[in-house]
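*Asks:* Submitted below is the structure of interest, expressed as structure tokens.
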Amino acid sequence: MLAALLWDVDGTLAETERDGHRVAFNQAFEALGLRWHWDHERYGRLLRVTGGRERLLAAMAEERDAPPTPAERQALARKLHDTKNHCYARLVYEGGIALRGGVAPLIHEARAQGVRQAIVTTTSRANVETLLARQLGPAWADMFDAVLCGEDVRAKKPDPEVYLLALRALRLQPRQALALEDSGPGASAAQAAGVPVLVTRSVYFPADPVEPAPAVGPGLHTREGWSPAPPPRRSARITLQDLASWHAHAEAGAAATARS
Ligand code: XBP
Ligand code: MG
């Protein structure tokens, strides 16, 4: 039975990479007098490196005017990352980053029906708190039984560590939960922890290989374009009942494999 939803943040709750992080990284470069600019296409490639600071360090390898020593690069990455997170917070407060369609109704529905929820992300905690306070209101933390972030782990996604921590915090077995992710690295992290994962494709990860996933679709706002297709219902969006039945189907498959 489905006992908990484990929510990724970036790309899943909101298009934070497109509307927030990329814009904020560029604002940080400008604020620190650097002539670097990450366009949509380059940022898409850089997203293969998870973690904002780690991404900065990886990008410095491609910049001719990056500092020469590893220690100087680390220091610059730290400074840029702090500045980026301040810029990101400002974008969030100005209302520039909305939740994706279907996310808020599903969070409220799960809460009303006693399905537990956790935030399972490797982004910085400050970014999560700012986004959720702005989009779900000051009582947002009451909706989640655990909030695991980048600062809580040694290794970021696709490492399963953050999922293993969430399962421990909720005292659940992996197959009692369902992860919601948008990217290959995120889906791999959940799967490596043994958690079935539902994939809602996002702007930067339209086609990452994510099998085996109980369901893959374009977003929670629509019942169109999902594989497997959800059964006909009155709702225009994906509901908790849909999640429960995809989860049950994945469970039945896993049980049959274990028996054979
Ligand atoms: C996505 C990430 C993050 C963000 C930037 O994490 O890779 O690093 O791009 O966040 P997830 P920080 O999908 O697990 O939420 O700058 O705070 O690292
Ligand atoms: Mg993500």
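Residue numbering restarts at 1 for every chain of the structure tokens, chains are lettered A, B, ... in their displayed order, and ligands are numbered from 1 as they appear.
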Residues up to 7 Å from ligand 1, counting only C-alpha atoms and all ligand atoms: could you list those as a list of chain:residue names?

*Replies:*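 Checking only C-alpha atoms and all ligand atoms against ligand 1 at 7 Å gives A:Asp8, A:Val9, A:Asp10, A:Gly11, A:Glu17, A:His21, A:Leu47, A:Val49, A:Thr50, A:Gly51, A:Gly52, A:Arg53, A:His81, A:Asn85, A:Val120, A:Thr121, A:Thr122, A:Thr123, A:Ser124, A:Asn127, A:Gly150, A:Lys157, A:Gly186.
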
*Asks:* Export C-alpha atoms of the chosen residues as a PDB file, in the first residue's frame?

*Replies:*
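Dumped to selection-v8.pdb:
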ATOM      1  CA  ASP A   8      12.005  15.909  -5.613  1.00  0.00           C
ATOM      2  CA  VAL A   9      12.134  19.735  -5.856  1.00  0.00           C
ATOM      3  CA  ASP A  10      14.000  21.078  -8.890  1.00  0.00           C
ATOM      4  CA  GLY A  11      12.103  20.304 -12.067  1.00  0.00           C
ATOM      5  CA  GLU A  17      16.196  25.367 -13.176  1.00  0.00           C
ATOM      6  CA  HIS A  21      18.735  28.710 -10.861  1.00  0.00           C
ATOM      7  CA  LEU A  47      22.797  20.014 -15.336  1.00  0.00           C
ATOM      8  CA  VAL A  49      26.474  17.774 -12.713  1.00  0.00           C
ATOM      9  CA  THR A  50      24.133  17.850  -9.723  1.00  0.00           C
ATOM     10  CA  GLY A  51      24.626  20.496  -7.029  1.00  0.00           C
ATOM     11  CA  GLY A  52      25.035  24.185  -7.747  1.00  0.00           C
ATOM     12  CA  ARG A  53      28.570  24.518  -6.343  1.00  0.00           C
ATOM     13  CA  HIS A  81      26.962  29.958  -5.010  1.00  0.00           C
ATOM     14  CA  ASN A  85      21.153  31.572  -3.801  1.00  0.00           C
ATOM     15  CA  VAL A 120      13.866  14.550  -0.957  1.00  0.00           C
ATOM     16  CA  THR A 121      16.227  16.850  -2.792  1.00  0.00           C
ATOM     17  CA  THR A 122      19.915  17.581  -3.059  1.00  0.00           C
ATOM     18  CA  THR A 123      19.408  21.295  -3.598  1.00  0.00           C
ATOM     19  CA  SER A 124      20.278  23.732  -0.773  1.00  0.00           C
ATOM     20  CA  ASN A 127      16.213  27.319  -1.667  1.00  0.00           C
ATOM     21  CA  GLY A 150      21.789  18.828  -0.031  1.00  0.00           C
ATOM     22  CA  LYS A 157      21.780  12.427  -6.579  1.00  0.00           C
ATOM     23  CA  GLY A 186      16.852  11.804  -9.741  1.00  0.00           C
TER      24      GLY A 186
END

*Asks:* Do a neighbour search on Ala250 in chain A at 12 Å with only C-alpha atoms, toss out local chain neighbours closer than 5 positions, and write the hits as a ChimeraX atom specification.

*Replies:* /A:1-2,175-178,194-198,212-215,228,243-245,255-257

*Asks:* Could you save the residues just selected, with N, CA, C and O atoms, as an mmCIF file, in the first residue's frame?

*Replies:*
data_model
loop_
_atom_site.group_PDB
_atom_site.id
_atom_site.type_symbol
_atom_site.label_atom_id
_atom_site.label_comp_id
_atom_site.auth_asym_id
_atom_site.auth_seq_id
_atom_site.Cartn_x
_atom_site.Cartn_y
_atom_site.Cartn_z
ATOM 1 N N MET A 1 0.831 -1.203 0.000
ATOM 2 C CA MET A 1 0.000 0.000 0.000
ATOM 3 C C MET A 1 0.871 1.261 0.000
ATOM 4 O O MET A 1 1.917 1.270 0.625
ATOM 5 N N LEU A 2 0.400 2.259 -0.701
ATOM 6 C CA LEU A 2 1.168 3.499 -0.806
ATOM 7 C C LEU A 2 1.097 4.276 0.512
ATOM 8 O O LEU A 2 0.039 4.736 0.926
ATOM 9 N N ARG A 175 9.605 0.085 -0.755
ATOM 10 C CA ARG A 175 8.480 -0.147 -1.655
ATOM 11 C C ARG A 175 7.154 0.365 -1.090
ATOM 12 O O ARG A 175 6.129 0.297 -1.762
ATOM 13 N N GLN A 176 7.179 0.894 0.120
ATOM 14 C CA GLN A 176 5.960 1.525 0.654
ATOM 15 C C GLN A 176 5.808 2.953 0.134
ATOM 16 O O GLN A 176 4.768 3.575 0.325
ATOM 17 N N ALA A 177 6.872 3.460 -0.477
ATOM 18 C CA ALA A 177 6.862 4.867 -0.904
ATOM 19 C C ALA A 177 6.828 4.963 -2.421
ATOM 20 O O ALA A 177 7.085 3.994 -3.138
ATOM 21 N N LEU A 178 6.505 6.144 -2.888
ATOM 22 C CA LEU A 178 6.591 6.456 -4.313
ATOM 23 C C LEU A 178 7.336 7.774 -4.456
ATOM 24 O O LEU A 178 6.958 8.782 -3.834
ATOM 25 N N GLY A 194 15.749 1.575 -4.021
ATOM 26 C CA GLY A 194 14.657 0.586 -4.058
ATOM 27 C C GLY A 194 13.272 1.204 -4.062
ATOM 28 O O GLY A 194 12.268 0.502 -3.912
ATOM 29 N N VAL A 195 13.208 2.522 -4.257
ATOM 30 C CA VAL A 195 11.903 3.211 -4.227
ATOM 31 C C VAL A 195 11.356 3.315 -5.657
ATOM 32 O O VAL A 195 12.049 3.831 -6.544
ATOM 33 N N PRO A 196 10.115 2.841 -5.895
ATOM 34 C CA PRO A 196 9.535 3.042 -7.226
ATOM 35 C C PRO A 196 9.375 4.529 -7.512
ATOM 36 O O PRO A 196 9.082 5.306 -6.602
ATOM 37 N N VAL A 197 9.572 4.913 -8.772
ATOM 38 C CA VAL A 197 9.589 6.347 -9.079
ATOM 39 C C VAL A 197 8.662 6.674 -10.236
ATOM 40 O O VAL A 197 8.615 5.958 -11.239
ATOM 41 N N LEU A 198 7.892 7.728 -10.029
ATOM 42 C CA LEU A 198 7.028 8.262 -11.073
ATOM 43 C C LEU A 198 7.748 9.463 -11.677
ATOM 44 O O LEU A 198 8.237 10.315 -10.946
ATOM 45 N N PRO A 212 13.234 1.184 -15.082
ATOM 46 C CA PRO A 212 11.809 0.903 -15.043
ATOM 47 C C PRO A 212 11.105 1.863 -14.083
ATOM 48 O O PRO A 212 11.481 1.958 -12.923
ATOM 49 N N ALA A 213 10.122 2.582 -14.584
ATOM 50 C CA ALA A 213 9.334 3.463 -13.720
ATOM 51 C C ALA A 213 7.868 3.052 -13.855
ATOM 52 O O ALA A 213 7.431 2.736 -14.964
ATOM 53 N N PRO A 214 7.101 3.035 -12.742
ATOM 54 C CA PRO A 214 5.689 2.652 -12.840
ATOM 55 C C PRO A 214 4.916 3.529 -13.816
ATOM 56 O O PRO A 214 3.993 3.068 -14.469
ATOM 57 N N ALA A 215 5.329 4.811 -13.943
ATOM 58 C CA ALA A 215 4.651 5.686 -14.902
ATOM 59 C C ALA A 215 5.566 6.856 -15.254
ATOM 60 O O ALA A 215 6.318 7.341 -14.417
ATOM 61 N N PRO A 228 2.174 4.037 -18.341
ATOM 62 C CA PRO A 228 0.898 3.661 -18.947
ATOM 63 C C PRO A 228 -0.162 4.727 -18.716
ATOM 64 O O PRO A 228 -0.053 5.507 -17.763
ATOM 65 N N LEU A 243 -1.872 7.646 -8.586
ATOM 66 C CA LEU A 243 -0.555 7.304 -8.037
ATOM 67 C C LEU A 243 -0.633 5.957 -7.308
ATOM 68 O O LEU A 243 0.242 5.101 -7.458
ATOM 69 N N ALA A 244 -1.714 5.794 -6.519
ATOM 70 C CA ALA A 244 -1.866 4.554 -5.750
ATOM 71 C C ALA A 244 -1.995 3.362 -6.693
ATOM 72 O O ALA A 244 -1.438 2.290 -6.429
ATOM 73 N N SER A 245 -2.709 3.537 -7.813
ATOM 74 C CA SER A 245 -2.866 2.359 -8.665
ATOM 75 C C SER A 245 -1.590 2.068 -9.457
ATOM 76 O O SER A 245 -1.237 0.895 -9.637
ATOM 77 N N ALA A 255 6.515 -8.216 -6.790
ATOM 78 C CA ALA A 255 6.231 -9.445 -6.033
ATOM 79 C C ALA A 255 6.328 -10.660 -6.953
ATOM 80 O O ALA A 255 6.885 -11.705 -6.572
ATOM 81 N N ALA A 256 5.804 -10.506 -8.175
ATOM 82 C CA ALA A 256 5.847 -11.632 -9.133
ATOM 83 C C ALA A 256 7.304 -11.965 -9.490
ATOM 84 O O ALA A 256 7.685 -13.130 -9.560
ATOM 85 N N THR A 257 8.129 -10.923 -9.681
ATOM 86 C CA THR A 257 9.550 -11.156 -9.999
ATOM 87 C C THR A 257 10.244 -11.871 -8.846
ATOM 88 O O THR A 257 11.042 -12.792 -9.054
#

*Asks:* Just to confirm, what's the straight-line distance from CA of Lys79 in chain A to CA of Ala126 in chain A in Å (one decimal)?

*Replies:*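 Interatomic distance, CA of Lys79 in chain A to CA of Ala126 in chain A: 15.5 Å.
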
*Asks:* Could you pull the residues within 12 Å of Asp65 in chain A, counting only C-alpha atoms, minus those fewer than 4 positions along the same chain, as a list in words?

*Replies:*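 Counting only C-alpha atoms, the residues come to Gly33, Leu34, Arg35, Trp36, Ala59, Met60, Ala61, Thr69 and Arg73 of chain A.
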
*Asks:* Just the selected residues (N, CA, C and O atoms), exported as a PDB file, in the first residue's frame, please.

*Replies:*
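Saved file part38.pdb follows:
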ATOM      1  N   GLY A  33      31.241  40.612 -11.311  1.00  0.00           N
ATOM      2  CA  GLY A  33      32.068  41.191 -12.370  1.00  0.00           C
ATOM      3  C   GLY A  33      32.644  40.171 -13.338  1.00  0.00           C
ATOM      4  O   GLY A  33      33.659  40.441 -13.984  1.00  0.00           O
ATOM      5  N   LEU A  34      32.014  39.013 -13.458  1.00  0.00           N
ATOM      6  CA  LEU A  34      32.509  37.996 -14.406  1.00  0.00           C
ATOM      7  C   LEU A  34      31.733  38.100 -15.713  1.00  0.00           C
ATOM      8  O   LEU A  34      30.530  38.381 -15.697  1.00  0.00           O
ATOM      9  N   ARG A  35      32.406  37.822 -16.814  1.00  0.00           N
ATOM     10  CA  ARG A  35      31.717  37.926 -18.103  1.00  0.00           C
ATOM     11  C   ARG A  35      31.201  36.560 -18.556  1.00  0.00           C
ATOM     12  O   ARG A  35      31.084  36.291 -19.752  1.00  0.00           O
ATOM     13  N   TRP A  36      30.882  35.696 -17.618  1.00  0.00           N
ATOM     14  CA  TRP A  36      30.365  34.369 -17.965  1.00  0.00           C
ATOM     15  C   TRP A  36      28.857  34.472 -18.131  1.00  0.00           C
ATOM     16  O   TRP A  36      28.196  35.267 -17.457  1.00  0.00           O
ATOM     17  N   ALA A  59      32.059  23.843 -14.540  1.00  0.00           N
ATOM     18  CA  ALA A  59      32.042  24.832 -15.625  1.00  0.00           C
ATOM     19  C   ALA A  59      33.350  25.611 -15.687  1.00  0.00           C
ATOM     20  O   ALA A  59      33.772  26.035 -16.765  1.00  0.00           O
ATOM     21  N   MET A  60      34.001  25.802 -14.541  1.00  0.00           N
ATOM     22  CA  MET A  60      35.255  26.561 -14.528  1.00  0.00           C
ATOM     23  C   MET A  60      36.328  25.896 -15.388  1.00  0.00           C
ATOM     24  O   MET A  60      37.213  26.563 -15.913  1.00  0.00           O
ATOM     25  N   ALA A  61      36.224  24.577 -15.525  1.00  0.00           N
ATOM     26  CA  ALA A  61      37.186  23.859 -16.367  1.00  0.00           C
ATOM     27  C   ALA A  61      37.086  24.330 -17.815  1.00  0.00           C
ATOM     28  O   ALA A  61      38.028  24.160 -18.594  1.00  0.00           O
ATOM     29  N   THR A  69      44.226  28.033  -9.463  1.00  0.00           N
ATOM     30  CA  THR A  69      44.446  26.943  -8.496  1.00  0.00           C
ATOM     31  C   THR A  69      43.116  26.372  -7.993  1.00  0.00           C
ATOM     32  O   THR A  69      42.113  27.089  -7.927  1.00  0.00           O
ATOM     33  N   ARG A  73      39.567  28.320  -6.998  1.00  0.00           N
ATOM     34  CA  ARG A  73      38.308  27.936  -7.663  1.00  0.00           C
ATOM     35  C   ARG A  73      37.234  27.595  -6.628  1.00  0.00           C
ATOM     36  O   ARG A  73      36.077  27.973  -6.770  1.00  0.00           O
TER      37      ARG A  73
END

*Asks:* Using only C-alpha atoms and all ligand atoms, pick whichever of A:Gln173, A:Ser202, A:Thr83, A:Thr130 has the shortest atom-to-atom distance to ligand 2.

*Replies:*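 Of the candidates, the smallest distance to ligand 2 is held by A:Ser202.
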
*Asks:* Might you pull out every residue within 9 Å of Ala169 in chain A, with only C-alpha atoms counted and same-chain residues fewer than 5 positions away left off, and present them as a PDB file with N, CA, C and O atoms, in the first residue's frame?

*Replies:*
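File written: out.pdb
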ATOM      1  N   ASP A 145       6.549  15.301   6.482  1.00  0.00           N
ATOM      2  CA  ASP A 145       7.056  14.610   7.668  1.00  0.00           C
ATOM      3  C   ASP A 145       8.573  14.641   7.745  1.00  0.00           C
ATOM      4  O   ASP A 145       9.148  14.363   8.794  1.00  0.00           O
ATOM      5  N   ALA A 146       9.207  14.944   6.639  1.00  0.00           N
ATOM      6  CA  ALA A 146      10.671  15.067   6.632  1.00  0.00           C
ATOM      7  C   ALA A 146      11.067  15.951   5.452  1.00  0.00           C
ATOM      8  O   ALA A 146      10.396  15.937   4.415  1.00  0.00           O
ATOM      9  N   LEU A 164      17.674   7.138   1.071  1.00  0.00           N
ATOM     10  CA  LEU A 164      17.844   6.229   2.215  1.00  0.00           C
ATOM     11  C   LEU A 164      17.598   6.989   3.521  1.00  0.00           C
ATOM     12  O   LEU A 164      16.964   6.469   4.455  1.00  0.00           O
TER      13      LEU A 164
END

*Asks:* Go ahead and compute the interatomic distance for CA of Gln135 in chain A and CA of Ala98 in chain A, in Å to one decimal.

*Replies:* 7.0 Å

*Asks:* Expressed in Å to a single decimal, how great is the separation between CA of Asp159 in chain A and CA of Leu180 in chain A?

*Replies:*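 We find that CA of Asp159 in chain A and CA of Leu180 in chain A lie 15.8 Å from each other.
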
*Asks:* Just list as a list in words whatever in range 63-200 of chain A DSSP marks as strand (DSSP E or B).

*Replies:*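 Answer for range 63-200 of chain A restricted to strand (DSSP E or B) is Leu99, Arg116, Gln117, Ala118, Ile119, Val120, Ala146, Val147, Leu148, Ala177, Leu178, Ala179, Leu180, Glu181, Val197, Leu198, Val199 and Thr200 of chain A.
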
*Asks:* Can you write just those residues out, N, CA, C and O atoms, as an mmCIF file, in the first residue's frame?

*Replies:*
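Written file, part18.cif:
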data_model
loop_
_atom_site.group_PDB
_atom_site.id
_atom_site.type_symbol
_atom_site.label_atom_id
_atom_site.label_comp_id
_atom_site.auth_asym_id
_atom_site.auth_seq_id
_atom_site.Cartn_x
_atom_site.Cartn_y
_atom_site.Cartn_z
ATOM 1 N N LEU A 99 4.713 26.843 -8.797
ATOM 2 C CA LEU A 99 4.676 25.373 -8.767
ATOM 3 C C LEU A 99 4.122 24.887 -10.102
ATOM 4 O O LEU A 99 3.288 25.558 -10.718
ATOM 5 N N ARG A 116 1.684 10.109 3.882
ATOM 6 C CA ARG A 116 2.778 10.942 4.373
ATOM 7 C C ARG A 116 3.601 11.493 3.203
ATOM 8 O O ARG A 116 3.585 10.920 2.119
ATOM 9 N N GLN A 117 4.294 12.579 3.471
ATOM 10 C CA GLN A 117 5.065 13.205 2.399
ATOM 11 C C GLN A 117 6.405 13.693 2.929
ATOM 12 O O GLN A 117 6.525 14.089 4.092
ATOM 13 N N ALA A 118 7.384 13.656 2.029
ATOM 14 C CA ALA A 118 8.701 14.191 2.381
ATOM 15 C C ALA A 118 9.281 14.908 1.166
ATOM 16 O O ALA A 118 8.956 14.584 0.023
ATOM 17 N N ILE A 119 10.125 15.879 1.456
ATOM 18 C CA ILE A 119 10.918 16.531 0.413
ATOM 19 C C ILE A 119 12.255 15.803 0.376
ATOM 20 O O ILE A 119 12.917 15.657 1.417
ATOM 21 N N VAL A 120 12.630 15.333 -0.814
ATOM 22 C CA VAL A 120 13.866 14.550 -0.957
ATOM 23 C C VAL A 120 14.662 15.147 -2.119
ATOM 24 O O VAL A 120 14.492 14.775 -3.267
ATOM 25 N N ALA A 146 9.207 14.944 6.639
ATOM 26 C CA ALA A 146 10.671 15.067 6.632
ATOM 27 C C ALA A 146 11.067 15.951 5.452
ATOM 28 O O ALA A 146 10.396 15.937 4.415
ATOM 29 N N VAL A 147 12.130 16.702 5.647
ATOM 30 C CA VAL A 147 12.653 17.560 4.570
ATOM 31 C C VAL A 147 14.158 17.314 4.489
ATOM 32 O O VAL A 147 14.920 17.752 5.350
ATOM 33 N N LEU A 148 14.569 16.546 3.487
ATOM 34 C CA LEU A 148 15.997 16.185 3.325
ATOM 35 C C LEU A 148 16.573 16.979 2.165
ATOM 36 O O LEU A 148 15.985 17.015 1.083
ATOM 37 N N ALA A 177 6.872 3.460 -0.477
ATOM 38 C CA ALA A 177 6.862 4.867 -0.904
ATOM 39 C C ALA A 177 6.828 4.963 -2.421
ATOM 40 O O ALA A 177 7.085 3.994 -3.138
ATOM 41 N N LEU A 178 6.505 6.144 -2.888
ATOM 42 C CA LEU A 178 6.591 6.456 -4.313
ATOM 43 C C LEU A 178 7.336 7.774 -4.456
ATOM 44 O O LEU A 178 6.958 8.782 -3.834
ATOM 45 N N ALA A 179 8.414 7.764 -5.236
ATOM 46 C CA ALA A 179 9.176 8.994 -5.484
ATOM 47 C C ALA A 179 8.607 9.703 -6.700
ATOM 48 O O ALA A 179 8.118 9.057 -7.635
ATOM 49 N N LEU A 180 8.656 11.022 -6.681
ATOM 50 C CA LEU A 180 8.278 11.815 -7.862
ATOM 51 C C LEU A 180 9.507 12.592 -8.300
ATOM 52 O O LEU A 180 10.045 13.382 -7.522
ATOM 53 N N GLU A 181 9.957 12.323 -9.506
ATOM 54 C CA GLU A 181 11.204 12.890 -10.019
ATOM 55 C C GLU A 181 11.000 13.340 -11.461
ATOM 56 O O GLU A 181 10.081 12.872 -12.135
ATOM 57 N N VAL A 197 9.572 4.913 -8.772
ATOM 58 C CA VAL A 197 9.589 6.347 -9.079
ATOM 59 C C VAL A 197 8.662 6.674 -10.236
ATOM 60 O O VAL A 197 8.615 5.958 -11.239
ATOM 61 N N LEU A 198 7.892 7.728 -10.029
ATOM 62 C CA LEU A 198 7.028 8.262 -11.073
ATOM 63 C C LEU A 198 7.748 9.463 -11.677
ATOM 64 O O LEU A 198 8.237 10.315 -10.946
ATOM 65 N N VAL A 199 7.817 9.502 -13.001
ATOM 66 C CA VAL A 199 8.613 10.563 -13.637
ATOM 67 C C VAL A 199 7.715 11.575 -14.338
ATOM 68 O O VAL A 199 6.923 11.222 -15.211
ATOM 69 N N THR A 200 7.826 12.839 -13.904
ATOM 70 C CA THR A 200 7.120 13.932 -14.571
ATOM 71 C C THR A 200 8.183 14.714 -15.347
ATOM 72 O O THR A 200 8.983 15.426 -14.749
#

*Asks:* For Asp208 in chain A, work out the shell of residues within 7 Å, counting only C-alpha atoms and skipping chain neighbours fewer than 3 positions away, then give it as a list in words.

*Replies:*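 Once the adjacent positions are removed, what remains is Ser183, Gly184 and Phe205 of chain A.
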
*Asks:* Write a file of the just-selected residues containing C-alpha atoms, as a compact mmCIF listing (two decimals), in the first residue's frame.

*Replies:*
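Final output, saved to out26.txt:
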# COMPACT_ATOMS: atom_id res chain seq x y z
CA SER A 183 15.32 13.62 -14.37
CA GLY A 184 17.51 10.61 -15.03
CA PHE A 205 15.04 16.52 -19.04

*Asks:* Using only C-alpha atoms and all ligand atoms, which of the listed residues (A:Phe25, A:Tyr43, A:Tyr163, A:Trp7) sits closest to ligand 2?

*Replies:*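 Under the stated criterion, the closest residue is A:Trp7.
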
*Asks:* Of the candidates A:Leu136, A:Cys87, A:Val203, A:Leu5, which one gets nearest to ligand 2 if we count only C-alpha atoms and all ligand atoms?

*Replies:*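 Once distances to ligand 2 are computed over only C-alpha atoms and all ligand atoms, the minimum belongs to A:Val203.
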
*Asks:* List the spatial neighbours of Ser235 in chain A as a list in words - criterion: any atom at most 10 Å away, only C-alpha atoms, same-chain residues fewer than 6 positions off excluded.

*Replies:*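 Those residues are His221, Thr222 and Arg223 of chain A.
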